[in-house]
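Participant: Attaching a single structure in structure tokens format; questions to follow.
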Amino acid sequence: MDNENQVMTDVQVTENGKVVFAPDVVATIANLAASEVEGVTGLGGGFADSITSILGGKKSLTKGVRVEVGNEEAAVDMSINVKYGCKIQEVSATVQQEVKKAIELMTGLRVVEVNVFVQSVTFEVEKNDKK
């Protein structure tokens, strides 16, 4: 998945031109689809993503997602954080289905694989409002 920012795909060539998607577009779609799944508390990135978010202060919609885009196909690797108490296998399978469906629906690319890496299990912290 090297050179992911340089890869583009020709989705449709017509007499008016062609439609091209940047990999960040596909990664953003994957991020948003996964974030909607019950039990996913966030997407995790590596060390570089953590430093970038600290220095930039801006939330990246491609954090924790890597895509490889071909002419007609796409493959996705993503790291997720799962809420404690949820069935990790079910959450992961739902993420795979929802990400595949969203990318295929929005771009017309065929998604050949969605690899889900569970990076951590998170706990909800109850806020105590006693003063």
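Ligands are numbered from 1 in the order shown, chains are lettered A, B, ... in the order of the structure tokens, and residues start at 1 in each chain.
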Just want the 10 Å neighbourhood of stretch 25-38 of chain A, counted on only C-alpha atoms, with same-chain residues fewer than 4 positions away dropped. Output as a ChimeraX atom specification.

Facilitator: /A:21,42-43,60-69,74-83,86,90-92,94-104,106-107,109,114

Participant: Those residues you just picked out, can you put them in a file as a PDB file, in the first residue's frame with C-alpha atoms?

Facilitator:
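Saved as out.pdb:
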ATOM      1  CA  PHE A  21     -11.219   9.126  -7.103  1.00  0.00           C
ATOM      2  CA  GLY A  42     -13.293   5.028  17.021  1.00  0.00           C
ATOM      3  CA  LEU A  43     -10.719   4.241  14.443  1.00  0.00           C
ATOM      4  CA  SER A  60      -8.316  13.202  10.164  1.00  0.00           C
ATOM      5  CA  LEU A  61     -11.109  11.276   8.461  1.00  0.00           C
ATOM      6  CA  THR A  62      -8.539   8.875   7.037  1.00  0.00           C
ATOM      7  CA  LYS A  63      -6.987   7.994  10.410  1.00  0.00           C
ATOM      8  CA  GLY A  64      -6.710   4.258  10.874  1.00  0.00           C
ATOM      9  CA  VAL A  65      -7.677   3.524   7.257  1.00  0.00           C
ATOM     10  CA  ARG A  66      -5.419   2.511   4.385  1.00  0.00           C
ATOM     11  CA  VAL A  67      -6.745   1.842   0.922  1.00  0.00           C
ATOM     12  CA  GLU A  68      -5.338   0.400  -2.239  1.00  0.00           C
ATOM     13  CA  VAL A  69      -7.218   1.418  -5.354  1.00  0.00           C
ATOM     14  CA  ALA A  74     -10.365  -1.396  -3.978  1.00  0.00           C
ATOM     15  CA  ALA A  75      -8.951  -3.069  -0.874  1.00  0.00           C
ATOM     16  CA  VAL A  76      -9.228  -1.581   2.609  1.00  0.00           C
ATOM     17  CA  ASP A  77      -7.238  -2.110   5.808  1.00  0.00           C
ATOM     18  CA  MET A  78      -8.602  -0.453   8.922  1.00  0.00           C
ATOM     19  CA  SER A  79      -7.898  -0.409  12.644  1.00  0.00           C
ATOM     20  CA  ILE A  80     -10.845  -0.033  14.973  1.00  0.00           C
ATOM     21  CA  ASN A  81     -11.491   0.398  18.679  1.00  0.00           C
ATOM     22  CA  VAL A  82     -14.353  -1.710  20.060  1.00  0.00           C
ATOM     23  CA  LYS A  83     -16.525  -0.939  23.072  1.00  0.00           C
ATOM     24  CA  CYS A  86     -19.614  -5.992  22.499  1.00  0.00           C
ATOM     25  CA  GLU A  90     -19.915  -9.436  15.176  1.00  0.00           C
ATOM     26  CA  VAL A  91     -18.739  -5.821  15.257  1.00  0.00           C
ATOM     27  CA  SER A  92     -15.868  -6.619  12.894  1.00  0.00           C
ATOM     28  CA  THR A  94     -20.608  -5.595  10.453  1.00  0.00           C
ATOM     29  CA  VAL A  95     -17.778  -3.131   9.799  1.00  0.00           C
ATOM     30  CA  GLN A  96     -16.658  -5.216   6.828  1.00  0.00           C
ATOM     31  CA  GLN A  97     -20.176  -5.329   5.379  1.00  0.00           C
ATOM     32  CA  GLU A  98     -20.941  -1.629   5.903  1.00  0.00           C
ATOM     33  CA  VAL A  99     -17.606  -0.392   4.548  1.00  0.00           C
ATOM     34  CA  LYS A 100     -17.904  -2.608   1.458  1.00  0.00           C
ATOM     35  CA  LYS A 101     -21.482  -1.489   0.841  1.00  0.00           C
ATOM     36  CA  ALA A 102     -20.706   2.230   1.274  1.00  0.00           C
ATOM     37  CA  ILE A 103     -17.653   2.242  -1.020  1.00  0.00           C
ATOM     38  CA  GLU A 104     -19.368   0.218  -3.728  1.00  0.00           C
ATOM     39  CA  MET A 106     -20.741   5.714  -3.615  1.00  0.00           C
ATOM     40  CA  THR A 107     -17.878   5.033  -6.023  1.00  0.00           C
ATOM     41  CA  LEU A 109     -15.570   0.360  -7.318  1.00  0.00           C
ATOM     42  CA  VAL A 114     -11.919  -5.202   3.978  1.00  0.00           C
TER      43      VAL A 114
END

Participant: So what do you get for atom CA of A:Arg110 versus atom CA of A:Glu73, distance-wise?

Facilitator: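 Between atom CA of A:Arg110 and atom CA of A:Glu73 the gap is 4.6 Å.
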